>>> print(open('structure-v8.txt').read())   # compact mmCIF, N, CA and C atoms
# COMPACT_ATOMS: atom_id res chain seq x y z
N MET A 276 11.18 -19.68 -10.79
CA MET A 276 9.90 -19.14 -11.26
C MET A 276 10.18 -18.28 -12.48
N ALA A 277 9.57 -18.60 -13.57
CA ALA A 277 9.75 -17.81 -14.78
C ALA A 277 8.84 -16.59 -14.71
N MET A 278 9.42 -15.45 -14.97
CA MET A 278 8.64 -14.22 -14.95
C MET A 278 8.18 -13.93 -16.37
N SER A 279 6.92 -13.63 -16.52
CA SER A 279 6.42 -13.28 -17.84
C SER A 279 6.76 -11.82 -18.13
N GLN A 280 6.57 -11.44 -19.33
CA GLN A 280 6.85 -10.06 -19.73
C GLN A 280 5.67 -9.15 -19.40
N ASP A 281 4.59 -9.71 -18.90
CA ASP A 281 3.44 -8.91 -18.53
C ASP A 281 3.78 -8.04 -17.33
N LYS A 282 3.17 -6.87 -17.30
CA LYS A 282 3.38 -5.98 -16.15
C LYS A 282 2.69 -6.59 -14.93
N LEU A 283 3.35 -6.50 -13.83
CA LEU A 283 2.77 -6.96 -12.57
C LEU A 283 1.83 -5.92 -11.99
N LEU A 284 2.16 -4.67 -12.23
CA LEU A 284 1.40 -3.58 -11.65
C LEU A 284 1.41 -2.41 -12.63
N ASP A 285 0.25 -1.95 -12.99
CA ASP A 285 0.16 -0.77 -13.84
C ASP A 285 -0.35 0.37 -12.96
N ALA A 286 0.60 1.07 -12.37
CA ALA A 286 0.26 2.12 -11.41
C ALA A 286 0.31 3.51 -12.00
N ALA A 287 0.46 3.63 -13.31
CA ALA A 287 0.63 4.96 -13.92
C ALA A 287 -0.50 5.91 -13.57
N GLY A 288 -1.72 5.46 -13.66
CA GLY A 288 -2.85 6.32 -13.34
C GLY A 288 -2.88 6.71 -11.88
N LEU A 289 -2.57 5.76 -11.01
CA LEU A 289 -2.54 6.05 -9.58
C LEU A 289 -1.41 7.02 -9.25
N LEU A 290 -0.25 6.82 -9.83
CA LEU A 290 0.87 7.73 -9.60
C LEU A 290 0.52 9.15 -10.04
N GLN A 291 -0.11 9.25 -11.18
CA GLN A 291 -0.51 10.56 -11.70
C GLN A 291 -1.55 11.21 -10.78
N ALA A 292 -2.52 10.43 -10.33
CA ALA A 292 -3.56 10.96 -9.45
C ALA A 292 -2.97 11.41 -8.12
N LEU A 293 -2.04 10.63 -7.57
CA LEU A 293 -1.41 11.01 -6.31
C LEU A 293 -0.59 12.28 -6.45
N GLN A 294 0.13 12.39 -7.56
CA GLN A 294 0.93 13.60 -7.80
C GLN A 294 0.02 14.82 -7.93
N HIS A 295 -1.05 14.67 -8.68
CA HIS A 295 -1.99 15.78 -8.87
C HIS A 295 -2.63 16.18 -7.52
N PHE A 296 -3.02 15.19 -6.73
CA PHE A 296 -3.63 15.46 -5.43
C PHE A 296 -2.67 16.25 -4.54
N ALA A 297 -1.42 15.81 -4.47
CA ALA A 297 -0.42 16.50 -3.65
C ALA A 297 -0.13 17.89 -4.19
N ASP A 298 0.02 18.01 -5.51
CA ASP A 298 0.31 19.32 -6.11
C ASP A 298 -0.82 20.31 -5.87
N ALA A 299 -2.06 19.86 -6.00
CA ALA A 299 -3.21 20.75 -5.86
C ALA A 299 -3.32 21.31 -4.44
N ARG A 300 -2.73 20.61 -3.48
CA ARG A 300 -2.80 21.05 -2.09
C ARG A 300 -1.48 21.60 -1.57
N ASP A 301 -0.50 21.68 -2.46
CA ASP A 301 0.84 22.13 -2.10
C ASP A 301 1.40 21.28 -0.96
N TRP A 302 1.22 19.97 -1.06
CA TRP A 302 1.67 19.04 -0.02
C TRP A 302 3.03 18.44 -0.34
N GLN A 303 3.60 18.78 -1.47
CA GLN A 303 4.88 18.21 -1.88
C GLN A 303 5.92 18.36 -0.76
N ARG A 304 5.94 19.51 -0.12
CA ARG A 304 6.93 19.77 0.93
C ARG A 304 6.75 18.87 2.15
N PHE A 305 5.54 18.37 2.37
CA PHE A 305 5.27 17.48 3.50
C PHE A 305 5.53 16.02 3.15
N HIS A 306 5.50 15.71 1.87
CA HIS A 306 5.62 14.32 1.44
C HIS A 306 7.08 13.91 1.30
N THR A 307 7.76 13.91 2.42
CA THR A 307 9.14 13.41 2.47
C THR A 307 9.07 11.92 2.77
N PRO A 308 10.09 11.17 2.44
CA PRO A 308 10.06 9.74 2.76
C PRO A 308 9.78 9.47 4.24
N LYS A 309 10.42 10.21 5.12
CA LYS A 309 10.20 10.01 6.57
C LYS A 309 8.74 10.25 6.94
N ASN A 310 8.18 11.36 6.48
CA ASN A 310 6.79 11.68 6.82
C ASN A 310 5.83 10.65 6.24
N LEU A 311 6.10 10.20 5.04
CA LEU A 311 5.23 9.20 4.41
C LEU A 311 5.31 7.86 5.12
N VAL A 312 6.50 7.47 5.58
CA VAL A 312 6.63 6.22 6.34
C VAL A 312 5.86 6.33 7.65
N LEU A 313 5.95 7.48 8.32
CA LEU A 313 5.21 7.65 9.57
C LEU A 313 3.71 7.61 9.33
N ALA A 314 3.24 8.25 8.27
CA ALA A 314 1.82 8.22 7.94
C ALA A 314 1.38 6.79 7.58
N LEU A 315 2.22 6.11 6.82
CA LEU A 315 1.94 4.71 6.45
C LEU A 315 1.83 3.84 7.70
N THR A 316 2.73 4.04 8.63
CA THR A 316 2.71 3.27 9.87
C THR A 316 1.40 3.49 10.62
N GLY A 317 0.95 4.73 10.67
CA GLY A 317 -0.33 5.02 11.31
C GLY A 317 -1.49 4.32 10.63
N GLU A 318 -1.47 4.32 9.31
CA GLU A 318 -2.55 3.67 8.56
C GLU A 318 -2.52 2.15 8.74
N VAL A 319 -1.32 1.57 8.80
CA VAL A 319 -1.23 0.13 9.05
C VAL A 319 -1.80 -0.18 10.43
N GLY A 320 -1.56 0.71 11.39
CA GLY A 320 -2.14 0.55 12.72
C GLY A 320 -3.66 0.58 12.68
N GLU A 321 -4.21 1.49 11.89
CA GLU A 321 -5.67 1.55 11.76
C GLU A 321 -6.21 0.29 11.10
N LEU A 322 -5.48 -0.25 10.13
CA LEU A 322 -5.88 -1.51 9.50
C LEU A 322 -5.83 -2.65 10.50
N ALA A 323 -4.76 -2.70 11.28
CA ALA A 323 -4.62 -3.77 12.29
C ALA A 323 -5.72 -3.69 13.34
N GLU A 324 -6.13 -2.47 13.65
CA GLU A 324 -7.16 -2.28 14.67
C GLU A 324 -8.48 -2.97 14.30
N ILE A 325 -8.75 -3.06 13.01
CA ILE A 325 -9.98 -3.74 12.57
C ILE A 325 -9.98 -5.20 13.02
N PHE A 326 -8.81 -5.82 13.03
CA PHE A 326 -8.69 -7.24 13.36
C PHE A 326 -8.33 -7.50 14.81
N GLN A 327 -7.94 -6.44 15.50
CA GLN A 327 -7.51 -6.61 16.89
C GLN A 327 -8.63 -7.22 17.72
N TRP A 328 -8.29 -8.21 18.49
CA TRP A 328 -9.17 -8.90 19.43
C TRP A 328 -10.22 -9.78 18.76
N LYS A 329 -10.18 -9.91 17.44
CA LYS A 329 -11.12 -10.81 16.78
C LYS A 329 -10.51 -12.21 16.71
N THR A 330 -11.35 -13.20 16.78
CA THR A 330 -10.89 -14.56 16.52
C THR A 330 -10.66 -14.69 15.02
N ASP A 331 -10.00 -15.76 14.61
CA ASP A 331 -9.81 -15.99 13.17
C ASP A 331 -11.15 -16.08 12.46
N ALA A 332 -12.13 -16.72 13.08
CA ALA A 332 -13.46 -16.85 12.47
C ALA A 332 -14.14 -15.49 12.34
N GLU A 333 -14.03 -14.67 13.36
CA GLU A 333 -14.62 -13.32 13.30
C GLU A 333 -13.92 -12.48 12.23
N ALA A 334 -12.63 -12.59 12.13
CA ALA A 334 -11.88 -11.85 11.12
C ALA A 334 -12.28 -12.30 9.72
N ALA A 335 -12.47 -13.58 9.54
CA ALA A 335 -12.87 -14.11 8.24
C ALA A 335 -14.27 -13.68 7.85
N ALA A 336 -15.09 -13.32 8.83
CA ALA A 336 -16.49 -12.95 8.57
C ALA A 336 -16.67 -11.44 8.37
N ILE A 337 -15.61 -10.68 8.30
CA ILE A 337 -15.74 -9.23 8.13
C ILE A 337 -16.55 -8.89 6.88
N ALA A 338 -16.38 -9.66 5.84
CA ALA A 338 -17.10 -9.39 4.60
C ALA A 338 -18.62 -9.50 4.77
N ASP A 339 -19.06 -10.15 5.82
CA ASP A 339 -20.50 -10.31 6.07
C ASP A 339 -21.14 -9.05 6.66
N ASP A 340 -20.34 -8.13 7.12
CA ASP A 340 -20.83 -6.88 7.70
C ASP A 340 -20.48 -5.75 6.73
N PRO A 341 -21.45 -5.24 5.98
CA PRO A 341 -21.15 -4.25 4.94
C PRO A 341 -20.38 -3.02 5.44
N ALA A 342 -20.73 -2.51 6.60
CA ALA A 342 -20.04 -1.32 7.11
C ALA A 342 -18.60 -1.65 7.48
N GLU A 343 -18.39 -2.78 8.14
CA GLU A 343 -17.03 -3.15 8.52
C GLU A 343 -16.19 -3.50 7.30
N PHE A 344 -16.81 -4.13 6.31
CA PHE A 344 -16.10 -4.48 5.08
C PHE A 344 -15.70 -3.21 4.32
N GLU A 345 -16.58 -2.23 4.29
CA GLU A 345 -16.24 -0.95 3.66
C GLU A 345 -15.08 -0.28 4.39
N HIS A 346 -15.12 -0.31 5.71
CA HIS A 346 -14.04 0.26 6.51
C HIS A 346 -12.72 -0.46 6.20
N LEU A 347 -12.75 -1.78 6.08
CA LEU A 347 -11.56 -2.55 5.72
C LEU A 347 -11.00 -2.08 4.38
N GLY A 348 -11.86 -1.92 3.41
CA GLY A 348 -11.42 -1.44 2.10
C GLY A 348 -10.79 -0.07 2.16
N GLU A 349 -11.38 0.82 2.97
CA GLU A 349 -10.83 2.16 3.12
C GLU A 349 -9.43 2.13 3.73
N GLU A 350 -9.24 1.31 4.74
CA GLU A 350 -7.94 1.26 5.40
C GLU A 350 -6.89 0.60 4.50
N ILE A 351 -7.29 -0.42 3.76
CA ILE A 351 -6.36 -1.04 2.80
C ILE A 351 -5.97 0.00 1.74
N ALA A 352 -6.94 0.77 1.27
CA ALA A 352 -6.66 1.81 0.28
C ALA A 352 -5.72 2.86 0.85
N ASP A 353 -5.92 3.26 2.10
CA ASP A 353 -5.03 4.25 2.73
C ASP A 353 -3.59 3.72 2.75
N VAL A 354 -3.42 2.47 3.14
CA VAL A 354 -2.08 1.87 3.18
C VAL A 354 -1.48 1.86 1.78
N LEU A 355 -2.25 1.45 0.80
CA LEU A 355 -1.74 1.40 -0.57
C LEU A 355 -1.37 2.78 -1.08
N LEU A 356 -2.20 3.77 -0.82
CA LEU A 356 -1.91 5.13 -1.28
C LEU A 356 -0.61 5.66 -0.69
N TYR A 357 -0.43 5.49 0.61
CA TYR A 357 0.81 5.97 1.21
C TYR A 357 2.02 5.17 0.73
N LEU A 358 1.85 3.88 0.53
CA LEU A 358 2.96 3.05 0.06
C LEU A 358 3.37 3.44 -1.36
N VAL A 359 2.39 3.64 -2.22
CA VAL A 359 2.69 4.04 -3.60
C VAL A 359 3.29 5.44 -3.62
N ARG A 360 2.78 6.33 -2.81
CA ARG A 360 3.33 7.70 -2.75
C ARG A 360 4.77 7.67 -2.23
N LEU A 361 5.04 6.83 -1.25
CA LEU A 361 6.40 6.69 -0.74
C LEU A 361 7.34 6.22 -1.85
N ALA A 362 6.92 5.24 -2.61
CA ALA A 362 7.75 4.77 -3.72
C ALA A 362 7.97 5.89 -4.72
N GLN A 363 6.93 6.63 -5.03
CA GLN A 363 7.02 7.72 -5.99
C GLN A 363 8.02 8.78 -5.53
N VAL A 364 7.87 9.23 -4.30
CA VAL A 364 8.73 10.30 -3.77
C VAL A 364 10.17 9.81 -3.64
N SER A 365 10.33 8.52 -3.33
CA SER A 365 11.67 7.96 -3.14
C SER A 365 12.34 7.56 -4.45
N GLY A 366 11.58 7.57 -5.55
CA GLY A 366 12.14 7.19 -6.84
C GLY A 366 12.23 5.70 -7.07
N VAL A 367 11.46 4.92 -6.32
CA VAL A 367 11.45 3.47 -6.50
C VAL A 367 10.50 3.11 -7.63
N ASP A 368 11.01 2.36 -8.60
CA ASP A 368 10.20 1.85 -9.70
C ASP A 368 9.47 0.61 -9.19
N LEU A 369 8.18 0.74 -8.94
CA LEU A 369 7.41 -0.34 -8.34
C LEU A 369 7.42 -1.60 -9.20
N GLU A 370 7.30 -1.46 -10.49
CA GLU A 370 7.30 -2.63 -11.38
C GLU A 370 8.61 -3.40 -11.22
N HIS A 371 9.72 -2.70 -11.27
CA HIS A 371 11.02 -3.35 -11.13
C HIS A 371 11.16 -3.97 -9.74
N ALA A 372 10.81 -3.22 -8.70
CA ALA A 372 10.95 -3.71 -7.33
C ALA A 372 10.11 -4.97 -7.10
N LEU A 373 8.89 -4.97 -7.62
CA LEU A 373 8.02 -6.14 -7.46
C LEU A 373 8.58 -7.35 -8.18
N ALA A 374 8.97 -7.18 -9.43
CA ALA A 374 9.51 -8.30 -10.21
C ALA A 374 10.77 -8.85 -9.55
N ASP A 375 11.64 -7.97 -9.10
CA ASP A 375 12.88 -8.39 -8.45
C ASP A 375 12.59 -9.14 -7.16
N LYS A 376 11.68 -8.63 -6.36
CA LYS A 376 11.36 -9.28 -5.08
C LYS A 376 10.69 -10.63 -5.30
N LEU A 377 9.80 -10.74 -6.27
CA LEU A 377 9.18 -12.02 -6.56
C LEU A 377 10.22 -13.05 -7.00
N ARG A 378 11.17 -12.61 -7.81
CA ARG A 378 12.24 -13.51 -8.27
C ARG A 378 13.08 -13.97 -7.07
N LYS A 379 13.44 -13.04 -6.20
CA LYS A 379 14.24 -13.39 -5.02
C LYS A 379 13.48 -14.32 -4.09
N ASN A 380 12.17 -14.07 -3.91
CA ASN A 380 11.36 -14.94 -3.06
C ASN A 380 11.28 -16.35 -3.64
N ALA A 381 11.18 -16.46 -4.96
CA ALA A 381 11.11 -17.76 -5.61
C ALA A 381 12.42 -18.54 -5.42
N GLU A 382 13.53 -17.82 -5.43
CA GLU A 382 14.83 -18.47 -5.20
C GLU A 382 14.97 -18.89 -3.73
N LYS A 383 14.52 -18.03 -2.84
CA LYS A 383 14.65 -18.29 -1.40
C LYS A 383 13.69 -19.39 -0.92
N TYR A 384 12.51 -19.40 -1.52
CA TYR A 384 11.47 -20.36 -1.13
C TYR A 384 11.00 -21.13 -2.35
N PRO A 385 11.83 -22.04 -2.86
CA PRO A 385 11.44 -22.78 -4.08
C PRO A 385 10.23 -23.67 -3.85
N ALA A 386 9.44 -23.80 -4.88
CA ALA A 386 8.28 -24.68 -4.80
C ALA A 386 8.76 -26.13 -4.77
N PRO A 387 8.08 -26.96 -4.02
CA PRO A 387 8.51 -28.38 -3.93
C PRO A 387 8.33 -29.10 -5.26
>>> encode(input="structure-v8.txt", output="structure tokens")
Amino acid sequence: MAMSQDKLLDAAGLLQALQHFADARDWQRFHTPKNLVLALTGEVGELAEIFQWKTDAEAAAIADDPAEFEHLGEEIADVLLYLVRLAQVSGVDLEHALADKLRKNAEKYPAP
């Protein structure tokens, strides 16, 4: 798979907003990699709970219920926020990590 020179993810604004949010609340001391992974795990659980016990058809129809669809978006956003914050606190360059992982996946799972 040829990788283009285009950025896969432009998270600069999100990274800045997350840093400002944490700084404004003096949460830096709580945002350790361990704590962020535990918080992320909880949020993934809340996301999974939306789909728990639903059939595939019911899960596919979530977008038809505005309140449930909004809840889905909120939980996806929570997961993304904690994941991006974890990368930030851990010093992981998301652009590099994404490009590298996509390249490795393409090698591991070549297209027919």
>>> closest_residue(input="structure-v8.txt", among="A:Leu322, A:Asn380, A:Pro385, A:Lys329", to="Ile351 of chain A", atoms="all atoms listed in the file")
A:Leu322
>>> residues_around(input="structure-v8.txt", residues="segment 290-302 of chain A", least_positions_apart="2", cutoff="8 Å", atoms="all atoms listed in the file", output="tab-separated table (two decimals) with N, CA and C atoms, in the coordinates of the input")
chain	number	residue	atom	x	y	z
A	285	ASP	N	0.25	-1.95	-12.99
A	285	ASP	CA	0.16	-0.77	-13.84
A	285	ASP	C	-0.35	0.37	-12.96
A	286	ALA	N	0.60	1.07	-12.37
A	286	ALA	CA	0.26	2.12	-11.41
A	286	ALA	C	0.31	3.51	-12.00
A	287	ALA	N	0.46	3.63	-13.31
A	287	ALA	CA	0.63	4.96	-13.92
A	287	ALA	C	-0.50	5.91	-13.57
A	288	GLY	N	-1.72	5.46	-13.66
A	288	GLY	CA	-2.85	6.32	-13.34
A	288	GLY	C	-2.88	6.71	-11.88
A	304	ARG	N	5.94	19.51	-0.12
A	304	ARG	CA	6.93	19.77	0.93
A	304	ARG	C	6.75	18.87	2.15
A	305	PHE	N	5.54	18.37	2.37
A	305	PHE	CA	5.27	17.48	3.50
A	305	PHE	C	5.53	16.02	3.15
A	306	HIS	N	5.50	15.71	1.87
A	306	HIS	CA	5.62	14.32	1.44
A	306	HIS	C	7.08	13.91	1.30
A	307	THR	N	7.76	13.91	2.42
A	307	THR	CA	9.14	13.41	2.47
A	307	THR	C	9.07	11.92	2.77
A	356	LEU	N	-2.20	3.77	-0.82
A	356	LEU	CA	-1.91	5.13	-1.28
A	356	LEU	C	-0.61	5.66	-0.69
A	359	VAL	N	2.39	3.64	-2.22
A	359	VAL	CA	2.69	4.04	-3.60
A	359	VAL	C	3.29	5.44	-3.62
A	360	ARG	N	2.78	6.33	-2.81
A	360	ARG	CA	3.33	7.70	-2.75
A	360	ARG	C	4.77	7.67	-2.23
A	363	GLN	N	6.93	6.63	-5.03
A	363	GLN	CA	7.02	7.72	-5.99
A	363	GLN	C	8.02	8.78	-5.53
>>> atom_distance(input="structure-v8.txt", atom1="atom CA of Val312 of chain A", atom2="atom CA of Lys383 of chain A")
26.9 Å
>>> atom_distance(input="structure-v8.txt", atom1="atom C of Asp339 of chain A", atom2="atom CA of Leu289 of chain A")
28.9 Å
>>> atom_distance(input="structure-v8.txt", atom1="atom CA of Val364 of chain A", atom2="atom N of Asp281 of chain A")
25.4 Å
>>> residues_around(input="structure-v8.txt", residues="Glu350 of chain A", least_positions_apart="6", cutoff="8 Å", atoms="only N, CA and C atoms", output="VMD selection string")
chain A and resid 318 to 319 321 to 323 344 356
>>> write_last_selection(input="structure-v8.txt", atoms="N, CA and C atoms", output="CSV table (one decimal), in the frame of the given file")
chain,number,residue,atom,x,y,z
A,318,GLU,N,-1.5,4.3,9.3
A,318,GLU,CA,-2.6,3.7,8.6
A,318,GLU,C,-2.5,2.2,8.7
A,319,VAL,N,-1.3,1.6,8.8
A,319,VAL,CA,-1.2,0.1,9.0
A,319,VAL,C,-1.8,-0.2,10.4
A,321,GLU,N,-4.2,1.5,11.9
A,321,GLU,CA,-5.7,1.6,11.8
A,321,GLU,C,-6.2,0.3,11.1
A,322,LEU,N,-5.5,-0.2,10.1
A,322,LEU,CA,-5.9,-1.5,9.5
A,322,LEU,C,-5.8,-2.6,10.5
A,323,ALA,N,-4.8,-2.7,11.3
A,323,ALA,CA,-4.6,-3.8,12.3
A,323,ALA,C,-5.7,-3.7,13.3
A,344,PHE,N,-16.8,-4.1,6.3
A,344,PHE,CA,-16.1,-4.5,5.1
A,344,PHE,C,-15.7,-3.2,4.3
A,356,LEU,N,-2.2,3.8,-0.8
A,356,LEU,CA,-1.9,5.1,-1.3
A,356,LEU,C,-0.6,5.7,-0.7
>>> residues_around(input="structure-v8.txt", residues="Leu358 of chain A", least_positions_apart="3", cutoff="8 Å", atoms="all atoms listed in the file", output="PyMOL selection string")
chain A and resi 311-312+314-315+352-355+361-364
>>> axis_aligned_box(input="structure-v8.txt", around="segment 348-352 of chain A", padding_each_side="4 Å", output="lines of an AutoDock Vina configuration file")
center_x = -8.8
center_y = 0.5
center_z = 2.8
size_x = 14.1
size_y = 12.8
size_z = 13.1
